[in-house]
2 protein chains.
Amino acid sequence: MSAEFDFIARLQRLCPVRPPVVVGIGDDAAVLQHGESLEVVTTDMLMEGVDFLVDETTPELMGRKCLAVNLSDLAAMGSRPTAAFVSVSLPRRRGRIFAERFFEGLLALAEEFQVTIAGGDTNSWDGPLVCSVTALGTPCGRAPVLRSGAAPGDVVMLTGACGGSLSGRHLTFAPRLREAAKLVELVDVHAMIDISDGLAADVHHILRASRVGAILDAAAIPIHSDVQQMPPDKAPLERALSDGEDFELAFTVSADAAATLQRTWREPTPLSIIGQITADNECRLREPGGALRSLPPMGWTYRLDAEDSSL
Amino acid sequence: MSAEFDFIARLQRLCPVRPPVVVGIGDDAAVLQHGESLEVVTTDMLMEGVDFLVDETTPELMGRKCLAVNLSDLAAMGSRPTAAFVSVSLPRRRGRIFAERFFEGLLALAEEFQVTIAGGDTNSWDGPLVCSVTALGTPCGRAPVLRSGAAPGDVVMLTGACGGSLSGRHLTFAPRLREAAKLVELVDVHAMIDISDGLAADVHHILRASRVGAILDAAAIPIHSDVQQMPPDKAPLERALSDGEDFELAFTVSADAAATLQRTWREPTPLSIIGQITADNECRLREPGGALRSLPPMGWTYRLDAEDSSL
């Protein structure tokens, strides 16, 4: 983990931010400015054997996931997608039908969210399936929501529930684009991220970018019923905090805005208040008895099998 | 070849072009409109064993090529780069130094052309090196140069020389960004493409998009001295027409514009007039004796080992 983060930090230092780029490496997406318009750009690469096992899923779901993870990043920026670019290395031995079904799954999700597939690069080879999608979008509000805007006194909130996604939901999840648009419409969202590394790890990302701390309330963290499908080697709360690939949105708002959301939220996806932002730099968990313990970004070490790091 | 093209044609039908996209699948890059600004976007995925052999080159040159092929696509659109996004699956067994050297080569080229690396996704796995770069740019002139603007009576021109790139130039070539900017400044470029599939194949791409034909003049086609490094199984002219990965620019301009270029071109990269655009749909080669023969897009079948198709 630390080696991987060192590497990204080094790249970040080596990559100066120049116009039209206004936000570079380090958030869920980059931000570019074109005249008065802001553009949000994100990219993710998924690999056979790491992000999906070909024999345990369908080509359609693999194609769907390749686009969905990128749409989730745009949602985390409080943005809506406009176009996507799809580069893929298709395993030759799986043949043409596999390729067609892969694109069918991807294109169906693109249609659902009105994303134009505007280009790409299709290759076939003797290696495993690798797909990289770059998604472009535009902020739902005046500006994208970054990771860096959390302030002491903010309330930490979450869409949906976390844990157990590897039992199948990591392939079928709905990117929270509608929820992000609604949140931005209703209140001033200070900071937001999507849960890919795990709730604890991703909250840590917000804290680091915002230079603040947080206390999460163990009893308030919504645990997905999918944890029941998982091996019983971990407590449900640990799964919610560390499984990852939930693709829910964690975000911070003022206490007033949280009250507004509780009063006016009518979407089918529930919202929960799961903690508070603090002025220190610590991330802590309030246990049901009231005791506070340090909460490490432990999501990372429990991820599938890959060292994966969005820049 | 035809199966691959069928597949792209099908994707193109399945992917409606919607704002902000104004040019979608089918050119060297897509074009998006943001208010008054036009943005050009291209993506290419390169794979170990297909686009480079790890044991026959250096990590720096591999990283360089991954960005360079995309910058070449932007040049072909008469555009200059602004930002790029880099997704990579690094072979774990090659270790961290390999990864650092890969990025060093890529970042050095980015600095040379003032491209901001604004994001990406770094992964390590047990598979081969795969890297996908998405490059964003902006037209040097009022609008990007497409493949579809060639008109009967146009002159077909070429930067530099073709053939023999696999002896090493396919890794070290300079993307023709300065040349593209100068061309657009000096004249109205009607259609342009970069030579990746091979001169004959890529001229065919212009002809198909523009619904015109061409006569190329065999004696006028500049043959790169690198053909001498290649096995003697093919004639030098055949190599120039079909080797591919030259990353020169083929373009069409009016006869007057061609004369202007011949008078005013001061760049170190030479320009050649290699043929004329015709009103029919045929692509023909005028042999040194004057005889005309049909020129198939034969570049394709001689490419490395991959079925590779930019959308």
# chains A, B, ... in the order shown; residues from 1 in each chain; ligands from 1

call {"tool": "interface_residues", "arguments": {"of": "chain A", "to": "chain B", "cutoff": "7 Å", "atoms": "only C-alpha atoms", "output": "number ranges by chain"}}
result
A: 15-18, 20, 24-25, 30, 34-35, 37, 43-45, 82, 85, 87, 116-125, 132, 306-311

call {"tool": "residues_around", "arguments": {"residues": "Leu285 in chain A", "least_positions_apart": "4", "cutoff": "9 Å", "atoms": "only C-alpha atoms", "output": "PyMOL selection string"}}
result
chain A and resi 214-218+275+291-295

call {"tool": "select_by_dssp", "arguments": {"residues": "range 127-308 of chain B", "states": "helix (DSSP H, G or I)", "output": "PyMOL selection string"}}
result
chain B and resi 165-167+169-172+177-186+199-210+218-220+225-229+236-242+255-264+300-302

call {"tool": "atom_distance", "arguments": {"atom1": "CA of Glu60 in chain B", "atom2": "CA of Phe98 in chain B"}}
result
8.6 Å

call {"tool": "select_by_dssp", "arguments": {"residues": "range 38-229 of chain A", "states": "strand (DSSP E)", "output": "CSV table (one decimal) with N, CA and C atoms, in the first residue's frame"}}
result
chain,number,residue,atom,x,y,z
A,38,LEU,N,-16.7,23.8,-17.5
A,38,LEU,CA,-15.8,22.9,-16.8
A,38,LEU,C,-16.1,21.5,-17.3
A,39,GLU,N,-15.0,20.8,-17.5
A,39,GLU,CA,-15.1,19.4,-17.9
A,39,GLU,C,-14.5,18.5,-16.9
A,40,VAL,N,-15.1,17.3,-16.6
A,40,VAL,CA,-14.6,16.4,-15.7
A,40,VAL,C,-14.2,15.1,-16.4
A,41,VAL,N,-13.0,14.6,-16.1
A,41,VAL,CA,-12.4,13.5,-16.9
A,41,VAL,C,-11.9,12.4,-16.0
A,42,THR,N,-12.3,11.2,-16.1
A,42,THR,CA,-11.7,10.1,-15.3
A,42,THR,C,-11.4,8.9,-16.1
A,43,THR,N,-10.5,8.0,-15.7
A,43,THR,CA,-10.2,6.8,-16.4
A,43,THR,C,-9.9,5.7,-15.4
A,44,ASP,N,-10.4,4.5,-15.8
A,44,ASP,CA,-10.1,3.3,-15.0
A,44,ASP,C,-9.8,2.1,-16.0
A,45,MET,N,-8.9,1.3,-15.6
A,45,MET,CA,-8.6,0.1,-16.3
A,45,MET,C,-8.9,-1.1,-15.5
A,46,LEU,N,-9.7,-2.1,-16.1
A,46,LEU,CA,-10.1,-3.3,-15.5
A,46,LEU,C,-9.5,-4.5,-16.2
A,47,MET,N,-9.1,-5.5,-15.4
A,47,MET,CA,-8.3,-6.6,-15.9
A,47,MET,C,-9.0,-7.9,-15.5
A,79,SER,N,-21.0,15.2,-10.9
A,79,SER,CA,-21.1,15.5,-12.3
A,79,SER,C,-21.9,14.4,-13.0
A,80,ARG,N,-22.3,14.8,-14.3
A,80,ARG,CA,-23.0,13.8,-15.1
A,80,ARG,C,-22.2,13.5,-16.3
A,81,PRO,N,-22.3,12.3,-16.8
A,81,PRO,CA,-21.4,11.9,-18.0
A,81,PRO,C,-21.9,12.5,-19.3
A,82,THR,N,-21.0,12.7,-20.2
A,82,THR,CA,-21.4,13.1,-21.6
A,82,THR,C,-20.9,12.1,-22.6
A,83,ALA,N,-19.6,11.8,-22.5
A,83,ALA,CA,-19.0,10.8,-23.5
A,83,ALA,C,-18.0,9.9,-22.9
A,84,ALA,N,-17.8,8.8,-23.5
A,84,ALA,CA,-16.8,7.8,-23.0
A,84,ALA,C,-16.0,7.2,-24.2
A,85,PHE,N,-14.8,6.8,-23.9
A,85,PHE,CA,-13.9,6.2,-24.9
A,85,PHE,C,-13.4,4.9,-24.3
A,86,VAL,N,-13.5,3.9,-25.2
A,86,VAL,CA,-13.3,2.5,-24.7
A,86,VAL,C,-12.2,1.8,-25.4
A,87,SER,N,-11.1,1.5,-24.7
A,87,SER,CA,-10.0,0.8,-25.3
A,87,SER,C,-10.0,-0.6,-24.7
A,88,VAL,N,-9.9,-1.6,-25.5
A,88,VAL,CA,-10.0,-3.0,-25.0
A,88,VAL,C,-9.0,-3.9,-25.8
A,89,SER,N,-8.5,-4.9,-25.0
A,89,SER,CA,-7.7,-6.0,-25.6
A,89,SER,C,-8.5,-7.2,-25.3
A,90,LEU,N,-9.1,-7.7,-26.4
A,90,LEU,CA,-10.0,-8.9,-26.3
A,90,LEU,C,-9.2,-10.2,-26.5
A,91,PRO,N,-9.5,-11.2,-25.6
A,91,PRO,CA,-8.8,-12.5,-25.8
A,91,PRO,C,-9.2,-13.1,-27.0
A,116,THR,N,-22.5,9.0,-24.7
A,116,THR,CA,-22.0,8.8,-26.1
A,116,THR,C,-20.7,8.0,-26.1
A,117,ILE,N,-20.6,6.9,-26.7
A,117,ILE,CA,-19.3,6.2,-26.9
A,117,ILE,C,-18.7,6.8,-28.1
A,118,ALA,N,-17.8,7.7,-27.9
A,118,ALA,CA,-17.3,8.6,-29.0
A,118,ALA,C,-16.0,8.1,-29.7
A,119,GLY,N,-15.4,7.0,-29.1
A,119,GLY,CA,-14.2,6.5,-29.7
A,119,GLY,C,-13.6,5.4,-28.9
A,120,GLY,N,-12.5,4.9,-29.4
A,120,GLY,CA,-11.8,3.9,-28.6
A,120,GLY,C,-10.8,3.1,-29.4
A,121,ASP,N,-10.4,2.0,-29.0
A,121,ASP,CA,-9.4,1.2,-29.7
A,121,ASP,C,-9.7,-0.2,-29.3
A,122,THR,N,-10.1,-1.0,-30.3
A,122,THR,CA,-10.3,-2.4,-30.1
A,122,THR,C,-9.2,-3.3,-30.6
A,123,ASN,N,-8.6,-4.1,-29.8
A,123,ASN,CA,-7.5,-5.0,-30.2
A,123,ASN,C,-7.9,-6.4,-29.8
A,124,SER,N,-7.4,-7.4,-30.5
A,124,SER,CA,-7.5,-8.8,-30.0
A,124,SER,C,-6.1,-9.3,-29.9
A,125,TRP,N,-5.9,-10.2,-28.9
A,125,TRP,CA,-4.6,-10.7,-28.6
A,125,TRP,C,-4.7,-12.1,-27.9
A,130,VAL,N,-8.4,-7.0,-21.1
A,130,VAL,CA,-8.1,-5.7,-20.4
A,130,VAL,C,-8.9,-4.6,-21.1
A,131,CYS,N,-9.6,-3.8,-20.2
A,131,CYS,CA,-10.4,-2.7,-20.8
A,131,CYS,C,-10.1,-1.4,-20.0
A,132,SER,N,-9.9,-0.4,-20.7
A,132,SER,CA,-9.7,0.9,-20.1
A,132,SER,C,-10.8,1.9,-20.7
A,133,VAL,N,-11.5,2.5,-19.8
A,133,VAL,CA,-12.5,3.5,-20.2
A,133,VAL,C,-12.1,4.8,-19.7
A,134,THR,N,-12.2,5.8,-20.5
A,134,THR,CA,-12.1,7.2,-20.1
A,134,THR,C,-13.5,7.9,-20.3
A,135,ALA,N,-14.0,8.4,-19.2
A,135,ALA,CA,-15.3,9.0,-19.2
A,135,ALA,C,-15.2,10.5,-19.0
A,136,LEU,N,-16.0,11.3,-19.8
A,136,LEU,CA,-16.0,12.7,-19.7
A,136,LEU,C,-17.3,13.2,-19.2
A,137,GLY,N,-17.3,14.2,-18.4
A,137,GLY,CA,-18.6,14.7,-17.9
A,137,GLY,C,-18.6,16.2,-17.6
A,138,THR,N,-19.7,16.6,-17.1
A,138,THR,CA,-19.8,18.0,-16.8
A,138,THR,C,-20.5,18.2,-15.4
A,139,PRO,N,-20.1,19.2,-14.6
A,139,PRO,CA,-20.7,19.3,-13.3
A,139,PRO,C,-22.2,19.5,-13.3
A,155,VAL,N,-21.1,17.0,8.6
A,155,VAL,CA,-21.7,15.7,8.8
A,155,VAL,C,-21.2,14.8,7.7
A,156,VAL,N,-20.8,13.5,8.0
A,156,VAL,CA,-20.5,12.6,7.0
A,156,VAL,C,-21.7,11.7,6.6
A,157,MET,N,-22.0,11.7,5.4
A,157,MET,CA,-23.2,10.9,5.0
A,157,MET,C,-22.9,9.9,3.9
A,158,LEU,N,-23.8,8.9,3.7
A,158,LEU,CA,-23.5,7.8,2.8
A,158,LEU,C,-24.8,7.5,2.1
A,159,THR,N,-24.7,7.2,0.8
A,159,THR,CA,-25.9,6.6,0.1
A,159,THR,C,-25.8,5.1,0.3
A,191,ALA,N,-17.6,17.8,0.1
A,191,ALA,CA,-16.6,16.8,-0.4
A,191,ALA,C,-17.4,15.5,-0.7
A,192,MET,N,-16.8,14.8,-1.6
A,192,MET,CA,-17.5,13.5,-2.0
A,192,MET,C,-16.5,12.6,-2.6
A,193,ILE,N,-16.8,11.3,-2.5
A,193,ILE,CA,-16.0,10.2,-3.0
A,193,ILE,C,-16.9,9.0,-3.3
A,194,ASP,N,-16.5,8.1,-4.2
A,194,ASP,CA,-17.2,6.9,-4.3
A,194,ASP,C,-16.5,5.8,-3.6
A,213,GLY,N,-10.1,15.5,10.3
A,213,GLY,CA,-10.3,14.2,10.9
A,213,GLY,C,-11.8,13.9,10.8
A,214,ALA,N,-12.1,12.7,11.4
A,214,ALA,CA,-13.5,12.3,11.4
A,214,ALA,C,-13.8,11.3,12.6
A,215,ILE,N,-14.9,11.3,13.1
A,215,ILE,CA,-15.4,10.2,13.9
A,215,ILE,C,-16.6,9.6,13.3
A,216,LEU,N,-16.4,8.3,12.9
A,216,LEU,CA,-17.6,7.5,12.3
A,216,LEU,C,-18.3,6.8,13.4
A,217,ASP,N,-19.6,6.7,13.3
A,217,ASP,CA,-20.4,6.1,14.3
A,217,ASP,C,-20.7,4.6,13.9

call {"tool": "closest_residue", "arguments": {"among": "A:Cys162, A:Trp265, A:Ala201, A:Glu179", "to": "Ile223 in chain A", "atoms": "only C-alpha atoms"}}
result
A:Cys162

call {"tool": "closest_residue", "arguments": {"among": "B:Leu129, B:Phe102, B:Gly78, B:Leu183", "to": "Ala143 in chain B", "atoms": "only C-alpha atoms"}}
result
B:Gly78
